[in-house]
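Before any comments, here is the structure.
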Protein chains: 2
Amino acid sequence: MQAVGMVVEFNPFHNGHAYYVQQARAQTGADVAVAVMSGNFTQRGEPTIVDKWQRTRAALANGVDLVVELPLFFACQPAHRFAAGALALLNQLRVAAVAFGAEHPQWDFAALVRTAAKFDQAALKQYNATYATQFNEQLAAQTGVSLKDPNDILAFAYNKAVWDHHYGIRLVPIQRVGSNYHDQVITGQIASASAIREAIEQQTAFAETVPAEMRPALQQLGKVPDWDALYPLLRNQLIQAPLENLRQTYQMAEGLEYRLKAAAQQSLTFDQFIHAIKTKRYTYAHLIRLCLYATLQLTEAEMTWHTAHPYLHILGFNQRGRAYLHQVKKQVEFPLFTKVSQQMRDHLYCLDYRAGKLYQTFTPVEQDLKHAPIIWR
Amino acid sequence: MQAVGMVVEFNPFHNGHAYYVQQARAQTGADVAVAVMSGNFTQRGEPTIVDKWQRTRAALANGVDLVVELPLFFACQPAHRFAAGALALLNQLRVAAVAFGAEHPQWDFAALVRTAAKFDQAALKQYNATYATQFNEQLAAQTGVSLKDPNDILAFAYNKAVWDHHYGIRLVPIQRVGSNYHDQVITGQIASASAIREAIEQQTAFAETVPAEMRPALQQLGKVPDWDALYPLLRNQLIQAPLENLRQTYQMAEGLEYRLKAAAQQSLTFDQFIHAIKTKRYTYAHLIRLCLYATLQLTEAEMTWHTAHPYLHILGFNQRGRAYLHQVKKQVEFPLFTKVSQQMRDHLYCLDYRAGKLYQTFTPVEQDLKHAPIIWR
């Protein structure tokens, strides 16, 4: 059996995702579709709209054969780390190809990667604009390509990961259909995840845009999980922890700990807080991820350890997924498991476990300990 | 002018307190009534029903001339530390007498203190019962007195503080009237603070039991502040902080950090949590205070520093209180201030400041920074 890998958030799983899974299979001729999916927090550091188990169930009901959790230490990272972590997992799972949506699938991303490899990195790290802005300006100047759409950025990052690590993986860009990531209005059966989340928040119609298996969980949502609800926990950490502890937080650079503590003392809502800390130097996504790291008390040292100790936590599979796992498991070098033991909770898996406890702000469901994988039909 | 001091929580200020203030003045012949009052957390480690400013206002409207904050590092402590801290402040304020309610004002508390001074302290610290239980048994065996009512326990502690430090303060016990601390039913105009809080929680009549100045704040309360609302902050700290950090928490002894972390992981409500950690070895009050220390990330080292650096934070006064302050301020050795500066926020006053931020779980009102004292008429 040959597999096609996908790197996904499915936040929530919608009709565009079902089409993408079908295309991934069709365009690669793969027998098995393997998804590496973010857990309960997205790449931007936001809580997902429903938990990883509900999203896994919807994925398995709509063409995915095997769902593996993308650990938080890869999932909640800038695009290049996110993509590199996901491809490391898919490479372990011996996928023949990785398919991904792109706004411009016709671009030669591999050539862009080779061009960018020659950039002077030190020159890009100036203080008056974000790294991403400067990188993009240089790439545009040399190639005429403007790498600004989110899926194009990821497409570039997947190609870079394959180039950096010499993975034997074929990369297959797929044209995104029906809507753009930033579209906020639902006009048919295909809508962006962002538009669907907005419709749920505003209590307007969205049911036509998601498969039947995703609907009940979304319809039962009282409120869309967001940072407003997590802010009291972040705020208390920023207020109570001494500066020397906050300084140990992953990505707490350049005196940000002073800025965050002062903003937390004065801000009663997340909206006030995030605007108080925003500067040109950092994007909102960067700062929201930093909020997540601080709430999880995730240190630089801990992040370094975790990224050096990746694993494959199986969230669910069908019979084909199970057969594929059986086929490849002897070649897998990372720890592979379907249940989180107490020993894992305290060591290898501790960061995802703690994130699952944080996610209990939104659901009473235990997210990990002794949780069985979802076995579909 | 001569002053009588009182050690109070006023949680909330009620008719029994108004009577007590009047008796304190009458029985001592003092010109000025000075109250040292807990801030936003009680001796048991619970959030107060309304903030310290509203309670200060009610006190000044009902016979108190000067209100000073009892810092959290004294206020949220077992009776003997609570009493010793409060008397240290009142001694600085040069009060001639301290009046306090007692269930048995006829007892010779000074004689009980002298008897207890001869107890073998090491023998009292066994593992099969609380220190308090063993202390009481020994006192009862030697004197026939059963020191179990909360105000009798404090009366004993005030006498012990005067004995330990040779304070020139006359101690005046006052018979408590109308209700006992543990009474939970309102039957007249005098009810216990505990019964009044219960009536507010249950939305039954309580207005007759508190003076007019206390009513609006209590009537506008949506919900009585409690640990249910603080628990998510405590829980996140216990889950996210490494064991070696939790171990530094003040009073986190004998491996309690393991017990608290495990209970937090499994408990979604404070009720579940506190029952999960309860043992014979510790009282509920001890454990609730420990919850507060953990939420404030208050370490043993920090507590030691703070108790060695007490201060007098003036919450409010009337003209008589102001005149008395003027009379004694040259003899006061502790820092005395009416406004919290940014410098104090970060150093001397930082623990009360952080507690005020935690109390913002219940009110949007800034509790300290640049807050003016209440000046009554």
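By convention in this document, the chains of the structure tokens carry letters A, B, ... by their order, each chain's residues are numbered from 1, and ligands are numbered from 1 in the order they are shown.
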Quiz item: Quick one: residues within 12 Å of His275 of chain A, only C-alpha atoms counted, chain neighbours fewer than 2 positions away excluded, as a PyMOL selection string?
Solution: chain A and resi 259-260+263-264+266-267+269-273+277-280+282-284+287-288
With the cut-off set at 12 Å and counting only C-alpha atoms, tabulate each residue of chain A with an atom at most that distance from an atom of chain B, showing the nearest atom pair and its distance in Å to one decimal, ordered by chain and increasing number, as a tab-separated table.
residue	atom	partner	partner_atom	distance
A:Ala229	CA	B:Pro232	CA	10.5
A:Leu230	CA	B:Pro232	CA	9.5
A:Tyr231	CA	B:Leu233	CA	10.1
A:Pro232	CA	B:Leu233	CA	7.1
A:Leu233	CA	B:Leu233	CA	5.2
A:Leu234	CA	B:Leu233	CA	8.7
A:Arg235	CA	B:Lys357	CA	9.2
A:Asn236	CA	B:Leu233	CA	6.8
A:Gln237	CA	B:Gln237	CA	7.6
A:Leu238	CA	B:Arg354	CA	10.4
A:Ile239	CA	B:Arg354	CA	6.6
A:Gln240	CA	B:Leu296	CA	5.5
A:Ala241	CA	B:Gln297	CA	6.5
A:Pro242	CA	B:Gln297	CA	8.6
A:Leu243	CA	B:Asp346	CA	10.6
A:Asn245	CA	B:Asn245	CA	10.0
A:Leu246	CA	B:Ala241	CA	11.9
A:Thr249	CA	B:Ala241	CA	12.0
A:Tyr258	CA	B:Asp346	CA	11.8
A:Lys261	CA	B:Asp346	CA	11.2
A:Ala262	CA	B:Gln342	CA	10.9
A:Ala264	CA	B:Lys357	CA	9.4
A:Gln265	CA	B:Lys357	CA	7.1
A:Gln266	CA	B:Glu366	CA	8.7
A:Ser267	CA	B:Pro364	CA	9.8
A:Leu268	CA	B:Pro364	CA	7.2
A:Thr269	CA	B:Pro364	CA	10.2
A:Leu292	CA	B:Gln240	CA	11.5
A:Tyr293	CA	B:Gln240	CA	10.4
A:Ala294	CA	B:Gln240	CA	9.6
A:Thr295	CA	B:Gln240	CA	7.7
A:Leu296	CA	B:Gln240	CA	5.4
A:Gln297	CA	B:Gln240	CA	5.9
A:Leu298	CA	B:Gln240	CA	8.2
A:Thr299	CA	B:Ala241	CA	10.6
A:Glu302	CA	B:Pro242	CA	10.9
A:Gln342	CA	B:Ala262	CA	10.9
A:Arg345	CA	B:Gln265	CA	10.7
A:Asp346	CA	B:Pro242	CA	10.1
A:His347	CA	B:Pro242	CA	11.4
A:Cys350	CA	B:Gln240	CA	9.6
A:Leu351	CA	B:Gln240	CA	8.9
A:Asp352	CA	B:Gln240	CA	11.2
A:Tyr353	CA	B:Ile239	CA	9.5
A:Arg354	CA	B:Gln240	CA	6.4
A:Ala355	CA	B:Gln240	CA	8.9
A:Gly356	CA	B:Gln265	CA	10.2
A:Lys357	CA	B:Gln265	CA	7.1
A:Leu358	CA	B:Asn236	CA	7.0
A:Tyr359	CA	B:Asn236	CA	10.6
A:Gln360	CA	B:Leu268	CA	8.2
A:Thr361	CA	B:Pro232	CA	7.9
A:Phe362	CA	B:Leu268	CA	11.2
A:Thr363	CA	B:Leu268	CA	9.9
A:Pro364	CA	B:Leu268	CA	7.2
A:Val365	CA	B:Leu268	CA	9.9
A:Glu366	CA	B:Gln266	CA	8.7
A:Gln367	CA	B:Gln265	CA	11.2
A:Asp368	CA	B:Gln265	CA	11.3
A:Leu369	CA	B:Gln265	CA	10.1
Practice problem: To one decimal in Å, tell me the separation between atom CA of Arg44 of chain A and atom CA of Lys148 of chain A. | Solution: 15.8 Å
Practice problem: Pull the helix (DSSP H, G or I) assignments for segment 72-170 of chain B out of DSSP run on the backbone, and list those residues as a PyMOL selection string. | Solution: chain B and resi 72-75+79-92+109-116+121-124+131-143+150-165
Self-check item: Selection near Ser146 of chain B, 9 Å with only C-alpha atoms, sequence-local residues under 4 positions removed, as a list in words
Solution: Asn136, Glu137, Leu139 and Ala140 of chain B
Quiz item: Smallest atom-to-atom distance to Met214 of chain A: which of A:Ala61, A:Val185, A:Ala3, A:Val162, using only C-alpha atoms?
Solution: A:Ala61
Self-check item: Selection: 10 Å around Leu112 of chain B, only C-alpha atoms, excl. self and same-chain fewer than 6 positions, as a list in words
Solution: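 Counting only the stated atoms, we get Leu139, Gln142, Thr143, Val145, Leu147, Phe156, Asn159 and Lys160 of chain B.
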Exercise. For Leu325 of chain B, work out the shell of residues within 12 Å, counting only C-alpha atoms and skipping chain neighbours fewer than 3 positions away, then give it as a PyMOL selection string.
Key: chain B and resi 1-3+32-34+65-68+92-95+312+314+316-322+328-332+336-338
Exercise. Once DSSP has gone over the backbone, tell me which residues of segment 122-348 of chain B are in strand (DSSP E), as a PyMOL selection string.
Key: chain B and resi 170-175+312-317+336-337
Please produce a file of those selected residues containing N, CA, C and O atoms, as a PDB file, in the first residue's frame.
ATOM      1  N   ARG B 170      -3.489  47.209  76.668  1.00  0.00           N
ATOM      2  CA  ARG B 170      -4.495  46.576  77.525  1.00  0.00           C
ATOM      3  C   ARG B 170      -5.456  45.786  76.634  1.00  0.00           C
ATOM      4  O   ARG B 170      -5.932  46.302  75.619  1.00  0.00           O
ATOM      5  N   LEU B 171      -5.699  44.532  76.995  1.00  0.00           N
ATOM      6  CA  LEU B 171      -6.582  43.682  76.179  1.00  0.00           C
ATOM      7  C   LEU B 171      -7.958  43.602  76.808  1.00  0.00           C
ATOM      8  O   LEU B 171      -8.094  43.280  77.992  1.00  0.00           O
ATOM      9  N   VAL B 172      -8.987  43.910  76.022  1.00  0.00           N
ATOM     10  CA  VAL B 172     -10.346  44.029  76.551  1.00  0.00           C
ATOM     11  C   VAL B 172     -11.301  43.101  75.796  1.00  0.00           C
ATOM     12  O   VAL B 172     -11.757  43.425  74.695  1.00  0.00           O
ATOM     13  N   PRO B 173     -11.588  41.933  76.378  1.00  0.00           N
ATOM     14  CA  PRO B 173     -12.545  41.043  75.720  1.00  0.00           C
ATOM     15  C   PRO B 173     -13.976  41.568  75.868  1.00  0.00           C
ATOM     16  O   PRO B 173     -14.326  42.127  76.903  1.00  0.00           O
ATOM     17  N   ILE B 174     -14.755  41.409  74.817  1.00  0.00           N
ATOM     18  CA  ILE B 174     -16.143  41.876  74.813  1.00  0.00           C
ATOM     19  C   ILE B 174     -17.045  40.683  74.536  1.00  0.00           C
ATOM     20  O   ILE B 174     -16.757  39.875  73.645  1.00  0.00           O
ATOM     21  N   GLN B 175     -18.132  40.585  75.306  1.00  0.00           N
ATOM     22  CA  GLN B 175     -19.070  39.474  75.082  1.00  0.00           C
ATOM     23  C   GLN B 175     -19.721  39.621  73.708  1.00  0.00           C
ATOM     24  O   GLN B 175     -20.253  40.676  73.383  1.00  0.00           O
ATOM     25  N   LEU B 312       2.125  50.012  57.039  1.00  0.00           N
ATOM     26  CA  LEU B 312       0.793  50.497  57.397  1.00  0.00           C
ATOM     27  C   LEU B 312       0.178  51.169  56.176  1.00  0.00           C
ATOM     28  O   LEU B 312       0.548  52.292  55.820  1.00  0.00           O
ATOM     29  N   HIS B 313      -0.723  50.459  55.508  1.00  0.00           N
ATOM     30  CA  HIS B 313      -1.417  51.019  54.344  1.00  0.00           C
ATOM     31  C   HIS B 313      -2.773  51.536  54.825  1.00  0.00           C
ATOM     32  O   HIS B 313      -3.632  50.759  55.234  1.00  0.00           O
ATOM     33  N   ILE B 314      -2.924  52.857  54.777  1.00  0.00           N
ATOM     34  CA  ILE B 314      -4.141  53.492  55.292  1.00  0.00           C
ATOM     35  C   ILE B 314      -5.249  53.392  54.248  1.00  0.00           C
ATOM     36  O   ILE B 314      -5.107  53.903  53.132  1.00  0.00           O
ATOM     37  N   LEU B 315      -6.353  52.731  54.622  1.00  0.00           N
ATOM     38  CA  LEU B 315      -7.467  52.570  53.671  1.00  0.00           C
ATOM     39  C   LEU B 315      -8.481  53.709  53.777  1.00  0.00           C
ATOM     40  O   LEU B 315      -9.162  54.022  52.801  1.00  0.00           O
ATOM     41  N   GLY B 316      -8.591  54.310  54.978  1.00  0.00           N
ATOM     42  CA  GLY B 316      -9.555  55.397  55.116  1.00  0.00           C
ATOM     43  C   GLY B 316      -9.565  55.960  56.530  1.00  0.00           C
ATOM     44  O   GLY B 316      -9.049  55.340  57.469  1.00  0.00           O
ATOM     45  N   PHE B 317     -10.131  57.152  56.668  1.00  0.00           N
ATOM     46  CA  PHE B 317     -10.203  57.807  57.978  1.00  0.00           C
ATOM     47  C   PHE B 317     -11.241  58.920  57.936  1.00  0.00           C
ATOM     48  O   PHE B 317     -11.632  59.383  56.865  1.00  0.00           O
ATOM     49  N   LEU B 336       4.555  54.018  56.332  1.00  0.00           N
ATOM     50  CA  LEU B 336       3.132  54.349  56.420  1.00  0.00           C
ATOM     51  C   LEU B 336       2.759  55.116  55.157  1.00  0.00           C
ATOM     52  O   LEU B 336       3.435  56.073  54.792  1.00  0.00           O
ATOM     53  N   PHE B 337       1.715  54.662  54.445  1.00  0.00           N
ATOM     54  CA  PHE B 337       1.364  55.343  53.191  1.00  0.00           C
ATOM     55  C   PHE B 337      -0.129  55.240  52.902  1.00  0.00           C
ATOM     56  O   PHE B 337      -0.813  54.347  53.396  1.00  0.00           O
TER      57      PHE B 337
END
Exercise. Choose the residue, out of B:Arg25, B:Arg197, B:His80, B:Lys370, that has the smallest atom-to-atom separation from Val50 of chain B; count only C-alpha atoms.
Key: B:Arg197
Quiz item: Quick one, how far is atom CA of Ala205 of chain A from atom CA of Gly63 of chain A?
Solution: 24.8 Å
Exercise. Find the spatial neighbours of Lys52 of chain B, counting only C-alpha atoms, within a cut-off of 10 Å - ignore same-chain residues fewer than 3 positions away - and output them as a list in words.
Key: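 After dropping sequence-adjacent residues, the list is Glu9, Phe10, Asn11, Pro12, Met37, Ser38, Gly39, Asn40, Phe41, Thr48, Ile49, Arg55, Thr56, Arg57, Ala58, Val67, Glu69, Leu315, Gly356 and Gln367 of chain B.
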Residues from the last selection, N, CA, C and O atoms, saved as a short mmCIF file (atom, residue, chain, number, x, y, z; two decimals), in the first residue's frame:
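Result went into part12.cif, see below:
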data_model
loop_
_atom_site.label_atom_id
_atom_site.label_comp_id
_atom_site.auth_asym_id
_atom_site.auth_seq_id
_atom_site.Cartn_x
_atom_site.Cartn_y
_atom_site.Cartn_z
N GLU B 9 -12.34 41.63 60.07
CA GLU B 9 -12.49 41.31 58.64
C GLU B 9 -13.67 42.08 58.05
O GLU B 9 -13.68 42.39 56.89
N PHE B 10 -14.70 42.33 58.87
CA PHE B 10 -15.91 43.03 58.40
C PHE B 10 -16.40 42.44 57.08
O PHE B 10 -16.57 43.15 56.09
N ASN B 11 -16.68 41.15 57.10
CA ASN B 11 -16.95 40.41 55.85
C ASN B 11 -18.33 39.80 55.84
O ASN B 11 -18.47 38.60 55.98
N PRO B 12 -19.39 40.59 55.64
CA PRO B 12 -19.42 42.05 55.47
C PRO B 12 -19.54 42.75 56.83
O PRO B 12 -19.71 42.09 57.84
N MET B 37 -7.79 45.85 59.34
CA MET B 37 -8.75 45.02 58.61
C MET B 37 -8.08 44.22 57.50
O MET B 37 -7.26 44.75 56.74
N SER B 38 -8.44 42.95 57.39
CA SER B 38 -7.98 42.13 56.26
C SER B 38 -8.33 42.83 54.96
O SER B 38 -9.37 43.49 54.87
N GLY B 39 -7.48 42.65 53.94
CA GLY B 39 -7.75 43.24 52.63
C GLY B 39 -8.82 42.46 51.88
O GLY B 39 -9.95 42.37 52.36
N ASN B 40 -8.47 41.89 50.75
CA ASN B 40 -9.48 41.23 49.92
C ASN B 40 -9.54 39.72 50.11
O ASN B 40 -10.30 39.05 49.41
N PHE B 41 -8.75 39.19 51.05
CA PHE B 41 -8.82 37.77 51.36
C PHE B 41 -8.87 37.59 52.87
O PHE B 41 -8.19 38.31 53.61
N THR B 48 -13.03 38.02 49.99
CA THR B 48 -14.07 38.68 50.79
C THR B 48 -15.31 38.96 49.92
O THR B 48 -15.22 39.01 48.70
N ILE B 49 -16.43 39.15 50.59
CA ILE B 49 -17.70 39.27 49.86
C ILE B 49 -17.76 40.55 49.03
O ILE B 49 -18.29 40.54 47.91
N ARG B 55 -15.86 47.81 52.30
CA ARG B 55 -15.92 47.47 53.71
C ARG B 55 -15.35 48.62 54.57
O ARG B 55 -15.84 48.90 55.66
N THR B 56 -14.33 49.31 54.06
CA THR B 56 -13.77 50.46 54.77
C THR B 56 -14.81 51.57 54.90
O THR B 56 -15.00 52.17 55.97
N ARG B 57 -15.51 51.83 53.80
CA ARG B 57 -16.54 52.87 53.79
C ARG B 57 -17.61 52.58 54.85
O ARG B 57 -17.99 53.47 55.63
N ALA B 58 -18.09 51.33 54.89
CA ALA B 58 -19.13 50.95 55.87
C ALA B 58 -18.61 51.10 57.30
O ALA B 58 -19.34 51.54 58.20
N VAL B 67 -9.02 53.15 59.32
CA VAL B 67 -8.92 51.76 58.87
C VAL B 67 -7.57 51.55 58.20
O VAL B 67 -7.19 52.28 57.28
N GLU B 69 -4.98 48.53 56.46
CA GLU B 69 -5.02 47.20 55.84
C GLU B 69 -4.10 46.24 56.59
O GLU B 69 -2.93 46.56 56.84
N LEU B 315 -6.35 52.73 54.62
CA LEU B 315 -7.47 52.57 53.67
C LEU B 315 -8.48 53.71 53.78
O LEU B 315 -9.16 54.02 52.80
N GLY B 356 -4.72 41.87 44.95
CA GLY B 356 -5.75 42.78 44.42
C GLY B 356 -6.06 42.47 42.97
O GLY B 356 -7.21 42.54 42.53
N GLN B 367 -7.64 47.82 42.57
CA GLN B 367 -7.69 47.76 44.02
C GLN B 367 -6.63 48.62 44.70
O GLN B 367 -6.79 48.97 45.87
#
Practice problem: Fewer than 6 positions away in the same chain doesn't count, so skip those; otherwise give me all residues within 9 Å of Arg81 of chain A, counting only C-alpha atoms, as a ChimeraX atom specification. | Solution: /A:74-75,157,161
With N, CA, C and O atoms retained, export the selected residues as a PDB file, in the first residue's frame.
ATOM      1  N   PHE A  74       5.285  21.160  17.717  1.00  0.00           N
ATOM      2  CA  PHE A  74       5.378  21.430  16.279  1.00  0.00           C
ATOM      3  C   PHE A  74       4.173  22.245  15.792  1.00  0.00           C
ATOM      4  O   PHE A  74       4.307  23.108  14.928  1.00  0.00           O
ATOM      5  N   ALA A  75       3.006  21.942  16.354  1.00  0.00           N
ATOM      6  CA  ALA A  75       1.752  22.503  15.820  1.00  0.00           C
ATOM      7  C   ALA A  75       1.639  24.005  16.055  1.00  0.00           C
ATOM      8  O   ALA A  75       1.152  24.738  15.195  1.00  0.00           O
ATOM      9  N   ALA A 157       7.201  26.042   2.798  1.00  0.00           N
ATOM     10  CA  ALA A 157       7.822  25.414   3.972  1.00  0.00           C
ATOM     11  C   ALA A 157       7.924  23.895   3.813  1.00  0.00           C
ATOM     12  O   ALA A 157       8.910  23.285   4.240  1.00  0.00           O
ATOM     13  N   ALA A 161      11.400  21.814   3.867  1.00  0.00           N
ATOM     14  CA  ALA A 161      11.658  20.674   4.767  1.00  0.00           C
ATOM     15  C   ALA A 161      12.188  19.486   3.967  1.00  0.00           C
ATOM     16  O   ALA A 161      13.131  18.806   4.395  1.00  0.00           O
TER      17      ALA A 161
END
